[in-house]
$ cat work.pdb   # PDB, C-alpha atoms
MODEL        1
ATOM      1  CA  MET A 261     -24.057  10.011  10.001
ATOM      2  CA  ILE A 262     -21.913  11.362  12.831
ATOM      3  CA  ILE A 263     -21.767   8.011  14.629
ATOM      4  CA  LYS A 264     -20.927   6.243  11.388
ATOM      5  CA  HIS A 265     -17.950   8.548  10.782
ATOM      6  CA  ALA A 266     -16.872   9.047  14.392
ATOM      7  CA  ASP A 267     -13.380   7.694  13.723
ATOM      8  CA  LYS A 268     -12.914  10.092  10.798
ATOM      9  CA  ILE A 269     -13.709  13.133  12.913
ATOM     10  CA  ALA A 270     -12.009  12.054  16.124
ATOM     11  CA  SER A 271     -10.241  15.412  16.494
ATOM     12  CA  PRO A 272      -9.467  18.625  14.596
ATOM     13  CA  GLU A 273      -5.975  17.270  13.977
ATOM     14  CA  VAL A 274      -7.375  14.152  12.284
ATOM     15  CA  LEU A 275      -9.480  16.354   9.988
ATOM     16  CA  GLN A 276      -6.591  18.672   9.256
ATOM     17  CA  GLU A 277      -4.318  15.794   8.264
ATOM     18  CA  ALA A 278      -7.035  14.133   6.151
ATOM     19  CA  PHE A 279      -7.862  17.365   4.332
ATOM     20  CA  GLU A 280      -4.177  18.009   3.654
ATOM     21  CA  LYS A 281      -3.858  14.588   1.998
ATOM     22  CA  ARG A 282      -6.676  15.670  -0.321
ATOM     23  CA  GLY A 283      -4.950  18.913  -1.242
ATOM     24  CA  TYR A 284      -6.890  21.220   1.095
ATOM     25  CA  ILE A 285      -4.492  22.948   3.457
ATOM     26  CA  CYS A 286      -6.466  24.450   6.315
ATOM     27  CA  SER A 287      -5.612  26.378   9.440
ATOM     28  CA  ASP A 288      -6.328  25.213  12.997
ATOM     29  CA  PRO A 289      -9.481  27.392  13.296
ATOM     30  CA  ILE A 290     -10.949  25.863  10.109
ATOM     31  CA  ALA A 291     -10.332  22.277  11.235
ATOM     32  CA  THR A 292     -11.715  23.040  14.690
ATOM     33  CA  ALA A 293     -14.865  24.652  13.280
ATOM     34  CA  VAL A 294     -15.616  21.661  11.032
ATOM     35  CA  TYR A 295     -14.962  19.249  13.922
ATOM     36  CA  LEU A 296     -17.385  21.119  16.177
ATOM     37  CA  ALA A 297     -20.033  21.451  13.462
ATOM     38  CA  CYS A 298     -19.977  17.681  12.935
ATOM     39  CA  HIS A 299     -20.158  16.709  16.595
ATOM     40  CA  LEU A 300     -22.577  19.413  17.716
ATOM     41  CA  GLN A 301     -24.704  18.734  14.617
ATOM     42  CA  LYS A 302     -25.041  22.415  13.882
ATOM     43  CA  PRO A 303     -24.812  24.195  10.522
ATOM     44  CA  ILE A 304     -21.639  26.144   9.892
ATOM     45  CA  LEU A 305     -21.719  29.580   8.267
ATOM     46  CA  VAL A 306     -18.462  30.156   6.391
ATOM     47  CA  GLU A 307     -17.799  33.789   5.529
ATOM     48  CA  GLY A 308     -14.922  35.490   3.771
ATOM     49  CA  PRO A 309     -13.849  37.040   0.466
ATOM     50  CA  PRO A 310     -14.374  35.097  -2.770
ATOM     51  CA  GLY A 311     -11.737  32.557  -3.679
ATOM     52  CA  VAL A 312     -10.432  31.623  -0.219
ATOM     53  CA  GLY A 313     -11.756  28.051  -0.236
ATOM     54  CA  LYS A 314     -15.206  28.251   1.368
ATOM     55  CA  THR A 315     -16.981  26.070  -1.199
ATOM     56  CA  GLU A 316     -13.995  23.748  -1.472
ATOM     57  CA  LEU A 317     -14.191  23.130   2.284
ATOM     58  CA  ALA A 318     -17.637  21.557   1.899
ATOM     59  CA  LYS A 319     -16.459  19.532  -1.096
ATOM     60  CA  VAL A 320     -13.430  18.079   0.667
ATOM     61  CA  THR A 321     -15.517  17.271   3.743
ATOM     62  CA  ALA A 322     -17.949  15.292   1.606
ATOM     63  CA  GLU A 323     -15.093  13.541  -0.181
ATOM     64  CA  TYR A 324     -13.380  12.606   3.076
ATOM     65  CA  LEU A 325     -16.569  11.281   4.688
ATOM     66  CA  ALA A 326     -17.598   9.522   1.455
ATOM     67  CA  ALA A 327     -20.945  11.301   1.770
ATOM     68  CA  PRO A 328     -23.080  12.702  -1.064
ATOM     69  CA  LEU A 329     -22.484  16.397  -1.667
ATOM     70  CA  ILE A 330     -25.779  18.156  -2.338
ATOM     71  CA  ARG A 331     -25.196  21.709  -3.511
ATOM     72  CA  MET A 332     -27.700  24.515  -3.796
ATOM     73  CA  GLN A 333     -26.468  27.673  -5.497
ATOM     74  CA  CYS A 334     -28.305  30.718  -4.167
ATOM     75  CA  TYR A 335     -29.419  33.660  -6.274
ATOM     76  CA  GLU A 336     -31.894  36.522  -6.093
ATOM     77  CA  GLY A 337     -35.452  35.238  -6.450
ATOM     78  CA  LEU A 338     -34.689  31.686  -5.265
ATOM     79  CA  ASP A 339     -37.811  30.166  -3.678
ATOM     80  CA  GLU A 340     -38.926  26.904  -2.131
ATOM     81  CA  ALA A 341     -40.060  25.489  -5.483
ATOM     82  CA  LYS A 342     -36.410  25.476  -6.608
ATOM     83  CA  ALA A 343     -34.841  24.722  -3.227
ATOM     84  CA  LEU A 344     -37.230  22.305  -1.500
ATOM     85  CA  TYR A 345     -39.754  20.670  -3.811
ATOM     86  CA  GLU A 346     -42.266  21.172  -6.556
ATOM     87  CA  TRP A 347     -45.088  19.084  -7.963
ATOM     88  CA  LYS A 348     -44.855  16.992 -11.127
ATOM     89  CA  TYR A 349     -47.604  18.902 -12.919
ATOM     90  CA  GLY A 350     -47.526  16.733 -16.035
ATOM     91  CA  LYS A 351     -48.223  13.587 -14.047
ATOM     92  CA  GLN A 352     -50.887  15.376 -12.040
ATOM     93  CA  LEU A 353     -52.676  16.306 -15.261
ATOM     94  CA  LEU A 354     -52.543  12.691 -16.430
ATOM     95  CA  TYR A 355     -53.933  11.588 -13.086
ATOM     96  CA  THR A 356     -56.763  14.112 -13.431
ATOM     97  CA  GLN A 357     -57.635  12.639 -16.829
ATOM     98  CA  VAL A 358     -57.632   9.096 -15.402
ATOM     99  CA  LEU A 359     -59.865  10.220 -12.564
ATOM    100  CA  LYS A 360     -62.242  11.859 -15.015
ATOM    101  CA  ASP A 361     -62.403   8.700 -17.148
ATOM    102  CA  GLN A 362     -63.178   6.496 -14.137
ATOM    103  CA  LEU A 363     -65.521   8.880 -12.361
ATOM    104  CA  GLY A 364     -68.611   7.341 -13.957
ATOM    105  CA  ASP A 365     -67.687   3.855 -12.762
ATOM    106  CA  VAL A 366     -67.005   5.131  -9.242
ATOM    107  CA  MET A 367     -70.328   6.969  -8.995
ATOM    108  CA  ARG A 368     -72.514   4.331 -10.638
ATOM    109  CA  GLY A 369     -75.279   3.268  -8.272
ATOM    110  CA  ALA A 370     -74.557   5.935  -5.644
ATOM    111  CA  ARG A 371     -77.601   7.226  -3.807
ATOM    112  CA  GLY A 372     -77.552  10.827  -2.762
ATOM    113  CA  LEU A 373     -74.750  13.326  -2.174
ATOM    114  CA  ASP A 374     -73.380  11.724   0.997
ATOM    115  CA  GLU A 375     -72.789   8.366  -0.650
ATOM    116  CA  SER A 376     -71.233  10.029  -3.712
ATOM    117  CA  VAL A 377     -68.789  11.962  -1.532
ATOM    118  CA  GLU A 378     -67.947   8.798   0.403
ATOM    119  CA  ARG A 379     -67.136   6.966  -2.822
ATOM    120  CA  LEU A 380     -64.927   9.815  -3.980
ATOM    121  CA  HIS A 381     -62.953   9.578  -0.750
ATOM    122  CA  SER A 382     -62.507   5.852  -1.224
ATOM    123  CA  PHE A 383     -61.005   6.473  -4.683
ATOM    124  CA  GLY A 384     -57.816   7.638  -3.015
ATOM    125  CA  ASP A 385     -56.515  11.182  -2.740
ATOM    126  CA  ILE A 386     -53.046  10.940  -4.250
ATOM    127  CA  PHE A 387     -53.032  14.177  -6.265
ATOM    128  CA  TYR A 388     -50.733  15.764  -3.631
ATOM    129  CA  SER A 389     -48.704  12.768  -2.521
ATOM    130  CA  GLU A 390     -45.170  11.391  -2.681
ATOM    131  CA  GLN A 391     -45.850   9.962  -6.126
ATOM    132  CA  PHE A 392     -46.129  13.453  -7.600
ATOM    133  CA  LEU A 393     -43.401  15.135  -5.548
ATOM    134  CA  GLU A 394     -40.222  16.385  -7.270
ATOM    135  CA  THR A 395     -37.509  16.751  -4.628
ATOM    136  CA  ARG A 396     -35.012  19.603  -4.733
ATOM    137  CA  PRO A 397     -31.661  19.976  -2.885
ATOM    138  CA  LEU A 398     -32.973  20.725   0.626
ATOM    139  CA  LEU A 399     -35.436  17.835   0.630
ATOM    140  CA  GLN A 400     -32.884  15.520  -0.982
ATOM    141  CA  ALA A 401     -30.438  16.220   1.855
ATOM    142  CA  LEU A 402     -33.039  15.427   4.508
ATOM    143  CA  ARG A 403     -33.978  12.173   2.801
ATOM    144  CA  GLU A 404     -30.493  10.732   2.435
ATOM    145  CA  PRO A 405     -30.641   7.613   4.649
ATOM    146  CA  ASP A 406     -26.962   7.783   5.645
ATOM    147  CA  GLY A 407     -26.731  11.564   5.718
ATOM    148  CA  ALA A 408     -25.152  14.017   3.309
ATOM    149  CA  VAL A 409     -23.128  17.189   3.133
ATOM    150  CA  LEU A 410     -25.486  20.006   2.196
ATOM    151  CA  LEU A 411     -23.815  23.074   0.678
ATOM    152  CA  ILE A 412     -25.967  26.203   0.571
ATOM    153  CA  ASP A 413     -23.613  28.309  -1.510
ATOM    154  CA  GLU A 414     -23.545  32.126  -1.436
ATOM    155  CA  ILE A 415     -26.533  32.519   0.876
ATOM    156  CA  ASP A 416     -25.945  36.278   0.826
ATOM    157  CA  LYS A 417     -27.145  36.369  -2.816
ATOM    158  CA  SER A 418     -30.618  35.123  -1.861
ATOM    159  CA  ASP A 419     -33.485  37.271  -0.584
ATOM    160  CA  GLN A 420     -34.246  37.810   3.088
ATOM    161  CA  GLU A 421     -37.503  35.877   2.612
ATOM    162  CA  PHE A 422     -35.577  32.786   1.542
ATOM    163  CA  GLU A 423     -33.185  33.233   4.428
ATOM    164  CA  ALA A 424     -36.194  33.178   6.793
ATOM    165  CA  PHE A 425     -37.529  30.089   5.021
ATOM    166  CA  LEU A 426     -34.326  28.221   5.913
ATOM    167  CA  LEU A 427     -34.662  28.747   9.658
ATOM    168  CA  GLU A 428     -36.759  25.632  10.331
ATOM    169  CA  LEU A 429     -34.295  23.422   8.478
ATOM    170  CA  LEU A 430     -31.258  24.946  10.177
ATOM    171  CA  SER A 431     -32.657  24.618  13.697
ATOM    172  CA  ASP A 432     -34.611  21.337  13.585
ATOM    173  CA  TYR A 433     -33.395  19.603  10.412
ATOM    174  CA  GLN A 434     -36.932  19.417   9.146
ATOM    175  CA  VAL A 435     -39.172  21.207   6.667
ATOM    176  CA  SER A 436     -42.926  21.659   6.430
ATOM    177  CA  ILE A 437     -44.769  20.779   3.222
ATOM    178  CA  PRO A 438     -48.389  21.999   3.514
ATOM    179  CA  GLU A 439     -49.909  19.175   1.459
ATOM    180  CA  ILE A 440     -47.919  16.383   3.153
ATOM    181  CA  GLY A 441     -46.815  17.612   6.554
ATOM    182  CA  THR A 442     -43.457  17.815   8.306
ATOM    183  CA  VAL A 443     -40.508  15.960   6.813
ATOM    184  CA  LYS A 444     -37.702  15.247   9.287
ATOM    185  CA  ALA A 445     -34.162  14.270   8.392
ATOM    186  CA  LYS A 446     -33.532  10.540   8.273
ATOM    187  CA  SER A 447     -29.941  11.309   9.212
ATOM    188  CA  LYS A 448     -28.918  14.874   9.986
ATOM    189  CA  PRO A 449     -26.817  16.323   7.162
ATOM    190  CA  ILE A 450     -23.681  18.347   7.721
ATOM    191  CA  VAL A 451     -24.700  21.798   6.506
ATOM    192  CA  PHE A 452     -22.308  24.417   5.123
ATOM    193  CA  LEU A 453     -23.577  27.888   4.270
ATOM    194  CA  THR A 454     -21.145  30.193   2.483
ATOM    195  CA  SER A 455     -21.267  33.964   2.222
ATOM    196  CA  ASN A 456     -19.122  36.550   0.426
ATOM    197  CA  ASN A 457     -20.574  39.285   2.658
ATOM    198  CA  THR A 458     -22.370  41.073  -0.162
ATOM    199  CA  ARG A 459     -25.168  41.759   2.314
ATOM    200  CA  GLU A 460     -25.644  41.424   6.055
ATOM    201  CA  LEU A 461     -27.298  38.179   7.092
ATOM    202  CA  GLY A 462     -30.037  38.160   9.722
ATOM    203  CA  ASP A 463     -29.408  37.468  13.389
ATOM    204  CA  ALA A 464     -31.890  34.577  13.380
ATOM    205  CA  LEU A 465     -29.860  32.692  10.779
ATOM    206  CA  LYS A 466     -26.543  33.450  12.475
ATOM    207  CA  ARG A 467     -27.836  32.217  15.848
ATOM    208  CA  ARG A 468     -28.538  28.798  14.349
ATOM    209  CA  CYS A 469     -25.037  28.386  12.925
ATOM    210  CA  LEU A 470     -21.476  28.077  14.063
ATOM    211  CA  HIS A 471     -19.449  30.882  12.521
ATOM    212  CA  LEU A 472     -16.191  30.577  10.599
ATOM    213  CA  HIS A 473     -14.417  33.401   8.819
ATOM    214  CA  ILE A 474     -11.766  32.433   6.275
ATOM    215  CA  PRO A 475      -9.518  35.405   5.462
ATOM    216  CA  PHE A 476      -6.769  35.572   2.891
ATOM    217  CA  PRO A 477      -4.014  33.304   4.230
ATOM    218  CA  GLU A 478      -0.743  34.419   5.722
ATOM    219  CA  THR A 479       2.335  34.047   3.545
ATOM    220  CA  ALA A 480       3.476  30.739   5.014
ATOM    221  CA  LEU A 481       0.041  29.132   4.702
ATOM    222  CA  GLU A 482      -0.462  30.334   1.136
ATOM    223  CA  ASN A 483       2.979  29.031   0.244
ATOM    224  CA  GLN A 484       1.964  25.652   1.646
ATOM    225  CA  ILE A 485      -1.345  25.703  -0.267
ATOM    226  CA  ILE A 486       0.361  26.419  -3.593
ATOM    227  CA  ALA A 487       2.979  23.746  -2.897
ATOM    228  CA  SER A 488       0.134  21.281  -2.408
ATOM    229  CA  GLN A 489      -1.719  22.302  -5.570
ATOM    230  CA  VAL A 490       1.308  22.906  -7.813
ATOM    231  CA  PRO A 491       3.951  20.529  -6.427
ATOM    232  CA  ASP A 492       6.310  20.849  -9.415
ATOM    233  CA  MET A 493       6.926  24.554  -8.881
ATOM    234  CA  ASP A 494      10.367  25.522  -7.626
ATOM    235  CA  SER A 495      10.296  26.811  -4.062
ATOM    236  CA  SER A 496      12.120  30.063  -4.850
ATOM    237  CA  LEU A 497       9.649  30.908  -7.621
ATOM    238  CA  ARG A 498       6.789  30.016  -5.314
ATOM    239  CA  ASP A 499       8.178  32.372  -2.661
ATOM    240  CA  GLN A 500       8.324  35.183  -5.212
ATOM    241  CA  LEU A 501       4.799  34.471  -6.420
ATOM    242  CA  VAL A 502       3.322  34.527  -2.918
ATOM    243  CA  ALA A 503       5.202  37.698  -2.008
ATOM    244  CA  PHE A 504       3.969  39.423  -5.184
ATOM    245  CA  VAL A 505       0.344  38.437  -4.538
ATOM    246  CA  HIS A 506       0.545  39.712  -0.968
ATOM    247  CA  GLU A 507       1.873  43.041  -2.222
ATOM    248  CA  LEU A 508      -1.133  43.331  -4.551
ATOM    249  CA  ARG A 509      -3.510  42.686  -1.658
ATOM    250  CA  GLN A 510      -2.171  45.801   0.055
ATOM    251  CA  MET A 511      -3.245  47.951  -2.886
ATOM    252  CA  ALA A 512      -6.607  49.675  -3.381
ATOM    253  CA  LEU A 513      -7.897  47.391  -6.114
ATOM    254  CA  LYS A 514     -11.438  46.624  -7.138
ATOM    255  CA  LYS A 515     -10.742  42.908  -6.688
ATOM    256  CA  VAL A 516      -7.549  41.709  -5.094
ATOM    257  CA  PRO A 517      -6.316  38.253  -6.156
ATOM    258  CA  ALA A 518      -7.614  35.348  -4.074
ATOM    259  CA  ILE A 519      -6.042  31.940  -3.463
ATOM    260  CA  SER A 520      -7.744  30.549  -6.551
ATOM    261  CA  GLU A 521      -6.038  33.192  -8.715
ATOM    262  CA  SER A 522      -2.684  32.473  -7.044
ATOM    263  CA  ILE A 523      -3.022  28.785  -7.922
ATOM    264  CA  ASP A 524      -4.028  29.566 -11.509
ATOM    265  CA  TRP A 525      -1.053  31.894 -11.861
ATOM    266  CA  ALA A 526       1.319  29.297 -10.440
ATOM    267  CA  ARG A 527       0.085  26.686 -12.931
ATOM    268  CA  ALA A 528       0.425  29.164 -15.798
ATOM    269  CA  LEU A 529       3.998  30.094 -14.862
ATOM    270  CA  LEU A 530       4.886  26.414 -14.652
ATOM    271  CA  LEU A 531       3.364  25.815 -18.079
ATOM    272  CA  LEU A 532       5.365  28.729 -19.489
ATOM    273  CA  ASN A 533       8.603  27.304 -18.013
ATOM    274  CA  VAL A 534       9.224  30.432 -15.951
ATOM    275  CA  ASP A 535      12.210  29.970 -13.618
ATOM    276  CA  SER A 536      12.100  33.331 -11.901
ATOM    277  CA  LEU A 537       9.667  36.219 -11.837
ATOM    278  CA  ASP A 538      10.659  39.266 -13.806
ATOM    279  CA  GLU A 539       8.770  42.332 -14.920
ATOM    280  CA  LYS A 540       8.094  40.961 -18.403
ATOM    281  CA  TRP A 541       6.571  37.686 -17.250
ATOM    282  CA  VAL A 542       4.450  39.469 -14.656
ATOM    283  CA  ARG A 543       3.181  41.992 -17.185
ATOM    284  CA  ASP A 544       2.354  39.253 -19.718
ATOM    285  CA  THR A 545       0.381  37.168 -17.189
ATOM    286  CA  LEU A 546      -1.077  39.879 -14.968
ATOM    287  CA  SER A 547      -4.582  39.285 -16.331
ATOM    288  CA  LEU A 548      -4.584  35.887 -14.610
ATOM    289  CA  LEU A 549      -4.370  37.636 -11.258
ATOM    290  CA  LEU A 550      -6.440  40.742 -11.873
ATOM    291  CA  LYS A 551      -9.939  40.509 -13.326
ATOM    292  CA  TYR A 552     -10.534  44.202 -14.045
ATOM    293  CA  GLN A 553      -8.649  46.336 -16.547
ATOM    294  CA  ASP A 554      -8.778  49.283 -14.143
ATOM    295  CA  ASP A 555      -6.847  47.211 -11.588
ATOM    296  CA  ILE A 556      -4.269  46.204 -14.200
ATOM    297  CA  GLU A 557      -3.770  49.864 -15.099
ATOM    298  CA  ILE A 558      -3.204  50.674 -11.414
ATOM    299  CA  VAL A 559      -0.654  47.893 -10.921
ATOM    300  CA  GLU A 560       1.401  48.165 -14.129
ATOM    301  CA  PRO A 561       3.077  51.504 -13.269
ATOM    302  CA  GLU A 562       4.048  50.036  -9.870
ATOM    303  CA  LEU A 563       5.528  46.792 -11.195
ATOM    304  CA  ARG A 564       9.174  47.837 -10.974
ATOM    305  CA  LYS A 565       8.717  48.962  -7.393
ATOM    306  CA  ILE A 566       6.882  45.762  -6.394
ATOM    307  CA  MET A 567       9.466  43.566  -8.100
ATOM    308  CA  GLY A 568      12.190  45.350  -6.169
ATOM    309  CA  GLN A 569      10.376  44.646  -2.901
ATOM    310  CA  ILE A 570       9.983  40.935  -3.530
ATOM    311  CA  SER A 571      13.424  40.261  -5.026
ATOM    312  CA  PRO A 572      15.692  38.091  -2.872
ATOM    313  CA  LYS A 573      17.954  40.211  -0.717
TER
ENDMDL
END
$ encode --input "work.pdb" --output "structure tokens"
Amino acid sequence: MIIKHADKIASPEVLQEAFEKRGYICSDPIATAVYLACHLQKPILVEGPPGVGKTELAKVTAEYLAAPLIRMQCYEGLDEAKALYEWKYGKQLLYTQVLKDQLGDVMRGARGLDESVERLHSFGDIFYSEQFLETRPLLQALREPDGAVLLIDEIDKSDQEFEAFLLELLSDYQVSIPEIGTVKAKSKPIVFLTSNNTRELGDALKRRCLHLHIPFPETALENQIIASQVPDMDSSLRDQLVAFVHELRQMALKKVPAISESIDWARALLLLNVDSLDEKWVRDTLSLLLKYQDDIEIVEPELRKIMGQISPK
């Protein structure tokens, strides 16, 4: 896959420009990390607070490379049956019935136990074979002939046992299926793992990955992101919006607004034909930025002060 797309990932600058055309404004460290992950053929662990564009980074990479995006959402209790493969039990039961119906014909005329066993072997052992295998995201990614982008989303929500299970895939791009053997990647996928840091990941997993941390963006970068996503918004209103959001991020809130909330708020203000932020409009739309009532109750008494800080001098 890397050779096929070598021209598309010729440099971090090429990636950065291509992502920007697709509405994903990324910093130099992000573009460099993706460039290195592609060329070194190593998974990339993307950490950071929710809503800063970790999942979207994998999506835009797949879109740009015209590669299938295979996404696996992690959760507590996730196991290999949901992530790697499971058997088609219904078909296996049908096969068992067919075998039972034909067993008499197979054994007819057999002399002794040895000959009976030999005839059973000649019948064909396909009960645990490719015909009865139901592939899941990890196995699908390994089997894509031209490669894929594999997104293992919110790995920190899975159990430590599942994290350990991933180590073989992350280091060798292969998995072991007891009944079949080792399955190696036909073309190594580009692997993104995302984490919101709800728990500490193990050293073994981190050693196998390149690391990228995406923080909340600086004012200029966030302004550029919103301009890309909401191009019809007036620049002065956009400046006010970004300044207001950055003020909220300095407060002790349960959940500070992320980039995704900033974009939603910008689209809402545009829809409401807001020309300039004032205390009324902010109060009426504050629930788009803040997801907890406790946070809203903390911010509302401070609105006049915040509005004074972000007003044009």
$ resolve_selection --input "work.pdb" --expression "the PyMOL selection byres ((chain A and resi 518-535) around 9)" --output "PyMOL selection string"
chain A and resi 309-313+476-477+482+485-486+489-490+492-494+496-498+501-502+505+509+515-517+536-537+541+545-546+548-550
$ resolve_selection --input "work.pdb" --expression "the PyMOL selection byres ((chain A and resi 567) around 10)" --output "compact mmCIF listing (two decimals) with C-alpha atoms, keeping the file's coordinate frame"
# COMPACT_ATOMS: atom_id res chain seq x y z
CA GLN A 500 8.32 35.18 -5.21
CA ALA A 503 5.20 37.70 -2.01
CA PHE A 504 3.97 39.42 -5.18
CA GLU A 507 1.87 43.04 -2.22
CA LEU A 537 9.67 36.22 -11.84
CA ASP A 538 10.66 39.27 -13.81
CA GLU A 539 8.77 42.33 -14.92
CA VAL A 542 4.45 39.47 -14.66
CA GLU A 562 4.05 50.04 -9.87
CA LEU A 563 5.53 46.79 -11.20
CA ARG A 564 9.17 47.84 -10.97
CA LYS A 565 8.72 48.96 -7.39
CA ILE A 566 6.88 45.76 -6.39
CA GLY A 568 12.19 45.35 -6.17
CA GLN A 569 10.38 44.65 -2.90
CA ILE A 570 9.98 40.94 -3.53
CA SER A 571 13.42 40.26 -5.03
CA PRO A 572 15.69 38.09 -2.87
$ closest_residue --input "work.pdb" --among "A:Glu346, A:Leu399, A:Cys469, A:Leu410" --to "A:Ala293" --atoms "only C-alpha atoms"
A:Cys469
$ closest_residue --input "work.pdb" --among "A:Ser431, A:Thr315, A:Gln400, A:Gln301" --to "A:Ile412" --atoms "all atoms listed in the file"
A:Thr315
$ atom_distance --input "work.pdb" --atom1 "atom CA of A:Leu402" --atom2 "atom CA of A:Arg468"
17.2 Å
$ closest_residue --input "work.pdb" --among "A:Asn456, A:Ser495, A:Thr442, A:Gln510" --to "A:Lys314" --atoms "all atoms listed in the file"
A:Asn456
$ closest_residue --input "work.pdb" --among "A:Leu344, A:Leu296, A:Ala480, A:Val306" --to "A:Asp416" --atoms "only C-alpha atoms"
A:Val306
$ residues_around --input "work.pdb" --residues "A:Phe425" --least-positions-apart "6" --cutoff "10 Å" --atoms "all atoms listed in the file" --output "CSV table (one decimal) with C-alpha atoms, keeping the file's coordinate frame"
chain,number,residue,atom,x,y,z
A,339,ASP,CA,-37.8,30.2,-3.7
A,340,GLU,CA,-38.9,26.9,-2.1
A,419,ASP,CA,-33.5,37.3,-0.6
A,435,VAL,CA,-39.2,21.2,6.7
A,465,LEU,CA,-29.9,32.7,10.8
$ closest_atom_pairs --input "work.pdb" --of "stretch 401-451 of chain A" --to "stretch 325-330 of chain A" --cutoff "8 Å" --atoms "all atoms listed in the file" --output "JSON lines"
{"residue": "A:Ala401", "atom": "CA", "partner": "A:Ile330", "partner_atom": "CA", "distance": 6.6}
{"residue": "A:Asp406", "atom": "CA", "partner": "A:Ala327", "partner_atom": "CA", "distance": 8.0}
{"residue": "A:Gly407", "atom": "CA", "partner": "A:Ala327", "partner_atom": "CA", "distance": 7.0}
{"residue": "A:Ala408", "atom": "CA", "partner": "A:Pro328", "partner_atom": "CA", "distance": 5.0}
{"residue": "A:Val409", "atom": "CA", "partner": "A:Leu329", "partner_atom": "CA", "distance": 4.9}
{"residue": "A:Leu410", "atom": "CA", "partner": "A:Ile330", "partner_atom": "CA", "distance": 4.9}
{"residue": "A:Leu411", "atom": "CA", "partner": "A:Ile330", "partner_atom": "CA", "distance": 6.1}
$ closest_residue --input "work.pdb" --among "A:Leu481, A:Lys514, A:Lys417, A:Ala322" --to "A:Asp499" --atoms "all atoms listed in the file"
A:Leu481
$ closest_residue --input "work.pdb" --among "A:Gly337, A:Gly462, A:Pro449, A:Pro438" --to "A:His299" --atoms "all atoms listed in the file"
A:Pro449
$ residues_around --input "work.pdb" --residues "A:Pro405" --least-positions-apart "6" --cutoff "10 Å" --atoms "all atoms listed in the file" --output "PyMOL selection string"
chain A and resi 261+445-449
$ atom_distance --input "work.pdb" --atom1 "atom CA of A:Leu275" --atom2 "atom CA of A:Val294"
8.2 Å
$ atom_distance --input "work.pdb" --atom1 "atom CA of A:Leu429" --atom2 "atom CA of A:Gly441"
13.9 Å
$ decode --input "work.pdb" --residues "stretch 504-518 of chain A" --atoms "N, CA and C atoms" --output "compact mmCIF listing (two decimals), in the first residue's frame"
# COMPACT_ATOMS: atom_id res chain seq x y z
N PHE A 504 -13.87 33.40 22.91
CA PHE A 504 -14.79 32.98 23.97
C PHE A 504 -14.52 31.53 24.37
N VAL A 505 -14.37 30.66 23.39
CA VAL A 505 -14.12 29.24 23.68
C VAL A 505 -12.81 29.07 24.45
N HIS A 506 -11.80 29.83 24.08
CA HIS A 506 -10.51 29.72 24.78
C HIS A 506 -10.62 30.22 26.22
N GLU A 507 -11.47 31.21 26.45
CA GLU A 507 -11.69 31.65 27.83
C GLU A 507 -12.35 30.53 28.65
N LEU A 508 -13.30 29.83 28.05
CA LEU A 508 -13.97 28.73 28.76
C LEU A 508 -12.98 27.61 29.11
N ARG A 509 -12.02 27.38 28.25
CA ARG A 509 -11.05 26.30 28.49
C ARG A 509 -10.11 26.61 29.65
N GLN A 510 -10.09 27.86 30.08
CA GLN A 510 -9.27 28.23 31.24
C GLN A 510 -10.02 28.02 32.55
N MET A 511 -11.32 27.70 32.45
CA MET A 511 -12.13 27.56 33.65
C MET A 511 -12.17 26.11 34.12
N ALA A 512 -12.48 25.92 35.39
CA ALA A 512 -12.52 24.58 35.99
C ALA A 512 -13.87 23.94 35.72
N LEU A 513 -14.05 23.46 34.50
CA LEU A 513 -15.30 22.85 34.09
C LEU A 513 -15.16 21.33 34.04
N LYS A 514 -16.29 20.68 34.13
CA LYS A 514 -16.29 19.22 34.04
C LYS A 514 -15.87 18.77 32.65
N LYS A 515 -16.36 19.47 31.63
CA LYS A 515 -15.96 19.19 30.25
C LYS A 515 -15.85 20.51 29.50
N VAL A 516 -14.64 20.88 29.18
CA VAL A 516 -14.45 22.12 28.41
C VAL A 516 -14.81 21.86 26.96
N PRO A 517 -15.24 22.86 26.22
CA PRO A 517 -15.63 22.65 24.82
C PRO A 517 -14.44 22.27 23.95
N ALA A 518 -14.63 21.29 23.08
CA ALA A 518 -13.61 20.84 22.15
C ALA A 518 -13.82 21.51 20.80
